[in-house]
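Heads up, coords.txt below (compact mmCIF, C-alpha atoms):
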```
# COMPACT_ATOMS: atom_id res chain seq x y z
CA MET A 1 1.81 87.65 220.43
CA THR A 2 0.57 90.68 218.53
CA THR A 3 -0.02 94.12 220.00
CA GLY A 4 -2.65 96.61 218.83
CA LEU A 5 -1.80 100.29 218.29
CA LYS A 6 -4.05 103.14 217.20
CA ILE A 7 -4.01 106.38 215.26
CA VAL A 8 -7.08 108.60 214.93
CA VAL A 9 -8.07 110.68 211.90
CA VAL A 10 -10.38 113.51 213.01
CA GLY A 11 -12.28 115.89 210.81
CA GLY A 12 -15.59 117.43 209.87
CA PHE A 13 -18.37 115.69 207.99
CA GLY A 14 -17.46 114.72 204.44
CA VAL A 15 -13.83 115.77 204.66
CA GLY A 16 -12.54 112.34 203.60
CA LYS A 17 -11.78 110.48 206.85
CA THR A 18 -13.28 107.21 205.70
CA THR A 19 -11.66 107.63 202.29
CA MET A 20 -8.27 107.93 203.97
CA VAL A 21 -8.90 104.91 206.21
CA ARG A 22 -10.01 102.89 203.18
CA SER A 23 -7.05 103.82 201.04
CA VAL A 24 -4.48 102.41 203.49
CA SER A 25 -6.45 99.71 205.31
CA GLU A 26 -5.92 96.04 204.51
CA ILE A 27 -9.59 95.38 205.27
CA ARG A 28 -12.69 97.14 204.02
CA PRO A 29 -13.35 99.80 206.68
CA LEU A 30 -15.69 98.60 209.41
CA SER A 31 -17.85 100.75 211.59
CA THR A 32 -19.10 100.53 215.12
CA GLU A 33 -20.22 102.78 217.88
CA GLU A 34 -19.94 103.57 221.53
CA THR A 35 -22.72 104.74 223.79
CA MET A 36 -22.62 106.24 227.21
CA THR A 37 -25.55 106.97 229.43
CA GLN A 38 -25.28 109.37 232.28
CA ALA A 39 -27.55 111.18 234.66
CA GLY A 40 -28.58 114.55 233.33
CA MET A 41 -27.14 117.77 234.63
CA GLY A 42 -30.49 119.40 235.25
CA ILE A 43 -30.59 119.15 239.05
CA ASP A 44 -31.35 122.85 239.33
CA ASP A 45 -33.92 122.57 236.63
CA ALA A 46 -37.30 123.86 237.79
CA SER A 47 -39.00 120.63 236.81
CA GLY A 48 -36.79 118.67 239.21
CA VAL A 49 -36.97 115.70 236.86
CA GLN A 50 -33.79 113.72 236.68
CA THR A 51 -33.05 113.15 233.03
CA LYS A 52 -30.69 110.69 231.45
CA THR A 53 -28.81 111.44 228.30
CA THR A 54 -27.29 108.89 226.00
CA THR A 55 -24.28 109.88 223.98
CA THR A 56 -23.74 107.83 220.87
CA VAL A 57 -20.79 108.14 218.57
CA ALA A 58 -20.28 106.10 215.43
CA PHE A 59 -16.84 105.69 213.94
CA ASP A 60 -15.05 103.79 211.16
CA PHE A 61 -11.83 101.91 211.39
CA GLY A 62 -9.36 100.01 209.29
CA ARG A 63 -6.42 97.77 210.03
CA ILE A 64 -2.77 97.76 208.95
CA SER A 65 -0.53 94.83 209.92
CA LEU A 66 2.83 96.50 210.46
CA ASN A 67 4.86 93.40 211.24
CA GLU A 68 4.54 90.09 213.06
CA GLN A 69 4.13 91.85 216.39
CA MET A 70 2.17 95.01 215.63
CA VAL A 71 -1.25 95.77 214.18
CA LEU A 72 -2.16 99.41 213.68
CA TYR A 73 -5.84 100.33 213.83
CA LEU A 74 -6.72 103.55 212.03
CA PHE A 75 -9.89 105.25 213.27
CA GLY A 76 -11.90 107.84 211.40
CA ALA A 77 -13.79 109.90 213.93
CA PRO A 78 -16.16 112.84 213.75
CA GLY A 79 -14.97 116.09 215.25
CA GLN A 80 -18.20 117.26 216.86
CA ASP A 81 -18.50 117.94 220.57
CA ARG A 82 -20.33 114.71 221.41
CA PHE A 83 -17.34 112.76 220.25
CA TRP A 84 -14.82 114.44 222.54
CA PHE A 85 -16.91 113.40 225.49
CA LEU A 86 -15.94 109.81 224.71
CA TRP A 87 -12.35 110.45 223.73
CA ASP A 88 -10.81 109.12 226.95
CA ARG A 89 -12.86 105.95 226.83
CA LEU A 90 -12.07 105.18 223.23
CA PHE A 91 -8.81 106.78 222.30
CA SER A 92 -6.60 107.26 225.35
CA GLY A 93 -3.23 105.80 224.48
CA THR A 94 -3.52 106.77 220.82
CA LEU A 95 -0.09 107.28 219.28
CA GLY A 96 -1.23 110.53 217.69
CA ALA A 97 -3.88 112.14 215.53
CA VAL A 98 -4.31 113.48 212.01
CA VAL A 99 -6.65 116.44 211.60
CA LEU A 100 -7.99 116.21 208.07
CA VAL A 101 -9.15 119.58 206.74
CA ASP A 102 -11.11 120.79 203.77
CA ALA A 103 -9.77 124.23 202.75
CA ARG A 104 -13.31 125.36 201.90
CA ARG A 105 -14.54 124.57 205.41
CA LEU A 106 -11.64 125.33 207.72
CA ALA A 107 -13.91 126.36 210.58
CA ASP A 108 -14.95 122.70 210.91
CA SER A 109 -11.45 121.91 212.20
CA TRP A 110 -11.04 124.64 214.77
CA TYR A 111 -12.86 122.70 217.43
CA ALA A 112 -10.94 119.47 216.77
CA ILE A 113 -7.59 121.26 216.97
CA ASP A 114 -8.63 122.94 220.20
CA ARG A 115 -9.73 119.63 221.73
CA LEU A 116 -6.55 117.78 220.75
CA GLU A 117 -4.47 120.54 222.33
CA HIS A 118 -6.67 120.29 225.42
CA HIS A 119 -6.08 116.52 225.63
CA GLY A 120 -2.33 116.99 225.13
CA MET A 121 -2.53 114.73 222.08
CA PRO A 122 0.19 115.27 219.45
CA PHE A 123 -1.17 115.76 215.94
CA ILE A 124 -0.46 116.93 212.42
CA VAL A 125 -2.81 118.65 210.00
CA ALA A 126 -3.37 117.38 206.46
CA ARG A 127 -5.24 119.35 203.82
CA ASN A 128 -7.24 116.96 201.68
CA ASN A 129 -7.28 118.19 198.10
CA PHE A 130 -10.04 117.02 195.85
CA ASP A 131 -8.80 119.49 193.22
CA GLU A 132 -5.73 121.60 192.66
CA PRO A 133 -5.30 123.60 195.91
CA LYS A 134 -6.11 127.29 195.58
CA HIS A 135 -4.13 128.65 198.49
CA PRO A 136 -0.57 128.11 199.69
CA LEU A 137 -0.33 126.03 202.85
CA GLU A 138 0.96 129.00 204.80
CA ARG A 139 -2.40 130.71 204.35
CA ILE A 140 -4.07 127.65 205.84
CA ARG A 141 -1.67 127.73 208.78
CA GLU A 142 -2.63 131.33 209.46
CA ALA A 143 -6.33 130.65 209.12
CA LEU A 144 -6.09 127.74 211.57
CA ASP A 145 -3.82 129.73 213.89
CA LEU A 146 -1.55 126.72 213.94
CA SER A 147 1.79 126.93 215.71
CA GLU A 148 4.96 126.41 213.66
CA GLU A 149 5.72 123.14 215.48
CA VAL A 150 2.66 121.39 214.10
CA PRO A 151 3.37 119.85 210.68
CA LEU A 152 0.94 120.87 207.93
CA ILE A 153 0.92 118.92 204.68
CA ASP A 154 -1.12 118.38 201.55
CA CYS A 155 -2.66 115.05 200.66
CA ASP A 156 -5.15 113.28 198.46
CA ALA A 157 -6.98 110.85 200.74
CA ARG A 158 -8.07 108.76 197.76
CA GLN A 159 -4.47 107.86 196.99
CA ARG A 160 -2.92 105.11 199.03
CA ASP A 161 0.60 106.53 198.75
CA SER A 162 -0.58 109.95 199.76
CA SER A 163 -2.46 108.66 202.81
CA LYS A 164 0.53 106.53 203.71
CA ALA A 165 2.73 109.65 203.52
CA VAL A 166 0.38 111.40 205.97
CA LEU A 167 0.76 108.58 208.49
CA ILE A 168 4.52 108.58 208.03
CA ALA A 169 4.60 112.37 208.56
CA LEU A 170 2.66 111.91 211.81
CA VAL A 171 4.91 109.15 213.11
CA ASN A 172 8.03 111.14 212.16
CA HIS A 173 6.64 114.10 214.07
CA LEU A 174 5.89 111.92 217.12
CA HIS A 175 9.34 110.41 216.94
CA ALA A 176 11.03 113.81 216.76
CA MET A 177 9.02 115.00 219.77
CA SER A 178 9.59 111.81 221.70
CA SER A 179 13.35 111.82 221.02
CA ALA A 180 13.66 115.50 221.90
CA ARG A 181 11.95 114.88 225.20
CA GLY A 182 14.19 111.88 225.85
CA VAL A 183 17.27 114.09 225.59
CA THR A 184 16.03 116.58 228.15
CA ARG A 185 14.98 113.86 230.60
CA MET B 186 -28.09 112.51 215.19
CA ILE B 187 -28.70 109.31 217.08
CA SER B 188 -27.29 106.34 215.27
CA PRO B 189 -30.12 104.39 213.64
CA ARG B 190 -28.68 101.15 214.93
CA VAL B 191 -28.91 102.10 218.60
CA ALA B 192 -32.08 104.15 218.19
CA SER B 193 -33.84 101.10 216.83
CA GLU B 194 -32.25 98.80 219.38
CA ASP B 195 -34.55 97.60 222.10
CA PRO B 196 -32.86 98.74 225.34
CA ASP B 197 -34.10 95.56 227.01
CA ARG B 198 -32.02 93.56 224.62
CA LEU B 199 -28.80 95.32 225.55
CA TYR B 200 -29.76 94.87 229.20
CA THR B 201 -30.31 91.15 228.67
CA VAL B 202 -27.12 90.66 226.71
CA THR B 203 -25.08 91.93 229.62
CA GLY B 204 -27.14 90.25 232.32
CA GLY B 205 -28.21 93.65 233.57
CA ARG B 206 -24.76 94.87 234.43
CA SER B 207 -23.80 98.34 233.36
CA ARG B 208 -20.30 98.24 234.72
CA ALA B 209 -17.50 95.74 234.57
CA ASP B 210 -13.87 95.73 235.41
CA GLU B 211 -13.36 96.87 231.89
CA SER B 212 -10.99 99.77 232.28
CA ALA B 213 -8.12 97.64 231.01
CA MET B 214 -10.12 96.59 227.96
CA ASP B 215 -8.94 99.02 225.30
CA VAL B 216 -10.62 99.30 221.87
CA VAL B 217 -7.49 97.72 220.39
CA THR B 218 -6.94 95.07 223.07
CA LEU B 219 -6.52 91.84 221.10
CA ILE B 220 -8.64 88.87 222.14
CA VAL B 221 -7.86 85.19 221.50
CA SER B 222 -10.16 82.23 222.29
CA GLU B 223 -8.74 79.63 224.61
CA CYS B 224 -11.53 77.07 224.13
CA ASP B 225 -14.42 76.11 221.90
CA PRO B 226 -17.98 77.15 222.69
CA THR B 227 -19.96 74.69 224.80
CA PRO B 228 -23.68 73.88 224.62
CA GLY B 229 -25.87 76.24 226.59
CA MET B 230 -23.51 79.17 226.31
CA GLN B 231 -24.95 82.64 225.65
CA SER B 232 -25.03 83.20 221.89
CA GLU B 233 -22.85 86.33 222.00
CA HIS B 234 -20.21 84.40 223.93
CA VAL B 235 -20.37 81.62 221.35
CA ARG B 236 -19.82 84.08 218.51
CA ILE B 237 -16.91 85.74 220.30
CA LEU B 238 -15.20 82.39 220.88
CA GLN B 239 -15.71 81.50 217.22
CA MET B 240 -14.42 84.76 215.79
CA CYS B 241 -11.41 85.04 218.10
CA ARG B 242 -9.69 81.84 217.02
CA ARG B 243 -7.31 84.36 215.47
CA PRO B 244 -6.50 87.53 217.46
CA MET B 245 -9.21 90.15 217.04
CA ALA B 246 -9.45 93.67 218.48
CA VAL B 247 -12.31 94.65 220.81
CA VAL B 248 -13.51 97.16 218.22
CA GLU B 249 -13.65 94.49 215.49
CA ILE B 250 -15.73 92.26 217.75
CA SER B 251 -18.03 95.20 218.44
CA SER B 252 -18.46 95.84 214.73
CA GLU B 253 -19.07 92.17 213.97
CA LEU B 254 -21.64 91.70 216.77
CA ARG B 255 -23.22 95.09 216.01
CA LEU B 256 -23.12 95.98 219.67
CA PRO B 257 -21.65 99.10 221.29
CA VAL B 258 -18.06 98.85 222.50
CA SER B 259 -19.10 99.17 226.16
CA VAL B 260 -21.46 96.18 225.90
CA VAL B 261 -18.77 94.10 224.23
CA ARG B 262 -16.33 94.98 226.99
CA ILE B 263 -18.71 93.50 229.55
CA LEU B 264 -19.17 90.31 227.53
CA LEU B 265 -15.41 89.97 227.18
CA CYS B 266 -14.84 90.42 230.91
CA ASP B 267 -17.16 87.42 231.53
CA LEU B 268 -15.09 85.27 229.21
CA LEU B 269 -11.83 86.56 230.61
CA ASP B 270 -12.90 85.82 234.21
CA THR B 271 -13.65 82.23 233.32
CA GLY B 272 -10.42 81.78 231.35
CA ARG B 273 -12.16 81.21 228.03
CA ILE B 274 -10.23 83.99 226.31
CA THR B 275 -6.94 85.75 226.79
CA ALA B 276 -6.42 89.45 226.20
CA ARG B 277 -3.36 91.27 224.96
CA HIS B 278 -3.54 94.90 225.98
CA PRO B 279 -1.80 97.69 224.02
CA PRO B 280 1.25 99.41 225.49
CA LYS B 281 0.15 101.26 228.58
CA ALA B 282 -1.41 104.59 227.69
CA PRO B 283 1.24 107.24 228.20
CA ALA B 284 0.34 109.73 230.89
CA ARG B 285 -1.14 112.98 229.73
CA ALA B 286 1.10 115.00 227.42
CA GLN B 287 3.64 112.19 227.28
CA LEU B 288 4.76 110.54 224.11
CA PRO B 289 5.03 106.96 222.93
CA ASP B 290 8.32 105.14 223.21
CA PRO B 291 10.66 106.10 220.30
CA GLU B 292 11.45 102.42 219.74
CA ILE B 293 7.80 101.58 219.14
CA LEU B 294 7.54 104.57 216.79
CA GLU B 295 10.58 103.40 214.83
CA GLN B 296 8.97 100.00 214.30
CA VAL B 297 5.72 101.67 213.22
CA LEU B 298 7.65 103.80 210.71
CA VAL B 299 9.38 100.81 209.17
CA GLY B 300 6.04 98.99 208.95
CA LEU B 301 4.37 101.94 207.22
CA GLN B 302 7.24 102.47 204.81
CA ASN B 303 7.01 98.81 203.81
CA LEU B 304 3.32 99.02 202.94
```
Show me the file's structure as structure tokens.
Amino acid sequence: MTTGLKIVVVGGFGVGKTTMVRSVSEIRPLSTEETMTQAGMGIDDASGVQTKTTTTVAFDFGRISLNEQMVLYLFGAPGQDRFWFLWDRLFSGTLGAVVLVDARRLADSWYAIDRLEHHGMPFIVARNNFDEPKHPLERIREALDLSEEVPLIDCDARQRDSSKAVLIALVNHLHAMSSARGVTR
Amino acid sequence: MISPRVASEDPDRLYTVTGGRSRADESAMDVVTLIVSECDPTPGMQSEHVRILQMCRRPMAVVEISSELRLPVSVVRILLCDLLDTGRITARHPPKAPARAQLPDPEILEQVLVGLQNL
């Protein structure tokens, strides 16, 4: 019987997450959402009224049948704070993550990178180029304050081969980390 | 931004769909757990259950069912637990989530790589 696996593409609004999912998915990307209601935090609030807050996060996903036994689900997820609140419920057990960045709006990715590090989730960073890139990748690495161990690559999310290469780069990175850890075990 | 779909959703409806339960033994039900029907729908069954049994004649992930039913993942998890408890579906869970800061099995990753390269 088949097993489901997942990889998450995280990034700011309009950076090309859905485009990337679409370019490699065997189905038209679908979307759904998760909600979570919890008692408010305002116990010390002067009003004394217990409030409830509902967190809703919408996300897209696509599917890639890898072989007879494995189906990979690729999720495109927003990087804003509300989303990270639901990370453990939705994406624990994810193989790894791709942080998709737009060089014109790098600040949008700082939070996502910080959160992935916080969750101990391995990731790579891919710069999505709509045009000819203006800056060398090393400048992007500096601007993101990204450690040397984290792979940073260029891509064009509209191109299937390019998006595929991003996923391969991520899995290669995971494999290298996983094998290295195996040796020291 | 509240999603228009949930904002416009009558909360009573979500309450009714799940029979009023807000929790289920759903922790094992991952977004990519694959669901397969083990029987056909029977008369009198709740309509969401009927649709799940129909769409899962071939394996389908929890998140796909959620998208198809236009219901949040957590509501779908509860519906699926009902069907699982009564043996109407079977569930294939993904490899156990590695503990924090651990990595997936290299053998699984090698198979994923081959699959991606063959796309």
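For the pair atom CA of Val235 of chain B and atom CA of Ile274 of chain B, the separation is 11.5 Å.
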Within 8 Å of chain A, which residues of chain B show up? Give each one with its shortest atom-to-atom distance in Å (one decimal) and the two atoms involved, counting all atoms listed in the file, rows by chain then rising residue number, as JSON lines.
```
{"residue": "B:Ile187", "atom": "CA", "partner": "A:Thr56", "partner_atom": "CA", "distance": 6.4}
{"residue": "B:Ser188", "atom": "CA", "partner": "A:Thr56", "partner_atom": "CA", "distance": 6.8}
{"residue": "B:Asp215", "atom": "CA", "partner": "A:Leu90", "partner_atom": "CA", "distance": 7.2}
{"residue": "B:Val216", "atom": "CA", "partner": "A:Leu90", "partner_atom": "CA", "distance": 6.2}
{"residue": "B:Val217", "atom": "CA", "partner": "A:Gly4", "partner_atom": "CA", "distance": 5.2}
{"residue": "B:Thr218", "atom": "CA", "partner": "A:Gly4", "partner_atom": "CA", "distance": 6.2}
{"residue": "B:Leu219", "atom": "CA", "partner": "A:Gly4", "partner_atom": "CA", "distance": 6.5}
{"residue": "B:Pro244", "atom": "CA", "partner": "A:Thr2", "partner_atom": "CA", "distance": 7.8}
{"residue": "B:Ala246", "atom": "CA", "partner": "A:Gly4", "partner_atom": "CA", "distance": 7.4}
{"residue": "B:Val248", "atom": "CA", "partner": "A:Thr32", "partner_atom": "CA", "distance": 7.2}
{"residue": "B:Glu249", "atom": "CA", "partner": "A:Leu30", "partner_atom": "CA", "distance": 7.6}
{"residue": "B:Ser251", "atom": "CA", "partner": "A:Thr32", "partner_atom": "CA", "distance": 6.4}
{"residue": "B:Ser252", "atom": "CA", "partner": "A:Thr32", "partner_atom": "CA", "distance": 4.7}
{"residue": "B:Arg255", "atom": "CA", "partner": "A:Thr32", "partner_atom": "CA", "distance": 6.9}
{"residue": "B:Leu256", "atom": "CA", "partner": "A:Thr32", "partner_atom": "CA", "distance": 7.6}
{"residue": "B:Pro257", "atom": "CA", "partner": "A:Glu34", "partner_atom": "CA", "distance": 4.8}
{"residue": "B:Val258", "atom": "CA", "partner": "A:Glu34", "partner_atom": "CA", "distance": 5.2}
{"residue": "B:Ser259", "atom": "CA", "partner": "A:Glu34", "partner_atom": "CA", "distance": 6.4}
{"residue": "B:Arg277", "atom": "CA", "partner": "A:Thr3", "partner_atom": "CA", "distance": 6.6}
{"residue": "B:His278", "atom": "CA", "partner": "A:Thr3", "partner_atom": "CA", "distance": 7.0}
{"residue": "B:Pro279", "atom": "CA", "partner": "A:Gly4", "partner_atom": "CA", "distance": 5.4}
{"residue": "B:Pro280", "atom": "CA", "partner": "A:Thr3", "partner_atom": "CA", "distance": 7.7}
{"residue": "B:Lys281", "atom": "CA", "partner": "A:Gly93", "partner_atom": "CA", "distance": 7.0}
{"residue": "B:Ala282", "atom": "CA", "partner": "A:Gly93", "partner_atom": "CA", "distance": 3.9}
{"residue": "B:Pro283", "atom": "CA", "partner": "A:Gly93", "partner_atom": "CA", "distance": 6.0}
{"residue": "B:Arg285", "atom": "CA", "partner": "A:Gly120", "partner_atom": "CA", "distance": 6.2}
{"residue": "B:Ala286", "atom": "CA", "partner": "A:Gly120", "partner_atom": "CA", "distance": 4.6}
{"residue": "B:Gln287", "atom": "CA", "partner": "A:Gly120", "partner_atom": "CA", "distance": 8.0}
{"residue": "B:Leu288", "atom": "CA", "partner": "A:Ser178", "partner_atom": "CA", "distance": 5.5}
{"residue": "B:Pro289", "atom": "CA", "partner": "A:Leu95", "partner_atom": "CA", "distance": 6.3}
{"residue": "B:Asp290", "atom": "CA", "partner": "A:Ser178", "partner_atom": "CA", "distance": 7.0}
{"residue": "B:Pro291", "atom": "CA", "partner": "A:His175", "partner_atom": "CA", "distance": 5.6}
{"residue": "B:Leu294", "atom": "CA", "partner": "A:His175", "partner_atom": "CA", "distance": 6.1}
{"residue": "B:Glu295", "atom": "CA", "partner": "A:His175", "partner_atom": "CA", "distance": 7.4}
{"residue": "B:Val297", "atom": "CA", "partner": "A:Leu66", "partner_atom": "CA", "distance": 6.5}
{"residue": "B:Leu298", "atom": "CA", "partner": "A:Ile168", "partner_atom": "CA", "distance": 6.3}
{"residue": "B:Val299", "atom": "CA", "partner": "A:Leu66", "partner_atom": "CA", "distance": 7.9}
{"residue": "B:Gly300", "atom": "CA", "partner": "A:Leu66", "partner_atom": "CA", "distance": 4.3}
{"residue": "B:Leu301", "atom": "CA", "partner": "A:Leu66", "partner_atom": "CA", "distance": 6.5}
{"residue": "B:Gln302", "atom": "CA", "partner": "A:Ile168", "partner_atom": "CA", "distance": 7.4}
{"residue": "B:Leu304", "atom": "CA", "partner": "A:Leu66", "partner_atom": "CA", "distance": 7.9}
```
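Distance annotation: of A:Asp131, A:Asp114, A:Asp108, A:Asp88, the residue with the minimal separation from Ala157 of chain A is A:Asp131; atom set is all atoms listed in the file.
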Exercise. Quick one: distance from atom CA of Val98 of chain A to atom CA of Arg22 of chain A in Å, one decimal?
Worked result: 14.9 Å
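Distance-wise, atom CA of Arg115 of chain A and atom CA of Pro29 of chain A end up 25.2 Å apart.
Proximity ranking of A:Ala126, A:Ala77, A:Val150, A:Ile113 relative to Ser163 of chain A places A:Ala126 first, based on only C-alpha atoms.
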Problem set entry | Sphere at (-8.9, 112.1, 211.6), radius 7 Å, counting all atoms listed in the file: residues as a ChimeraX atom specification | /A:8-11,17,76-77,97-100
Seminar exercise, completed: Judged by only C-alpha atoms, the minimum distance to Leu264 of chain B among B:Asn303, B:Gln239, B:Thr203, B:Ser232 is found for B:Thr203
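Omitting Leu146 of chain A and its sequence neighbours fewer than 3 positions away, and counting only C-alpha atoms, the residues within 12 Å are A:Val99, A:Leu106, A:Ser109, A:Trp110, A:Ile113, A:Asp114, A:Glu117, A:Phe123, A:Ile124, A:Val125, A:Leu137, A:Glu138, A:Arg139, A:Ile140, A:Arg141, A:Glu142, A:Ala143, A:Glu149, A:Val150, A:Pro151, A:Leu152.
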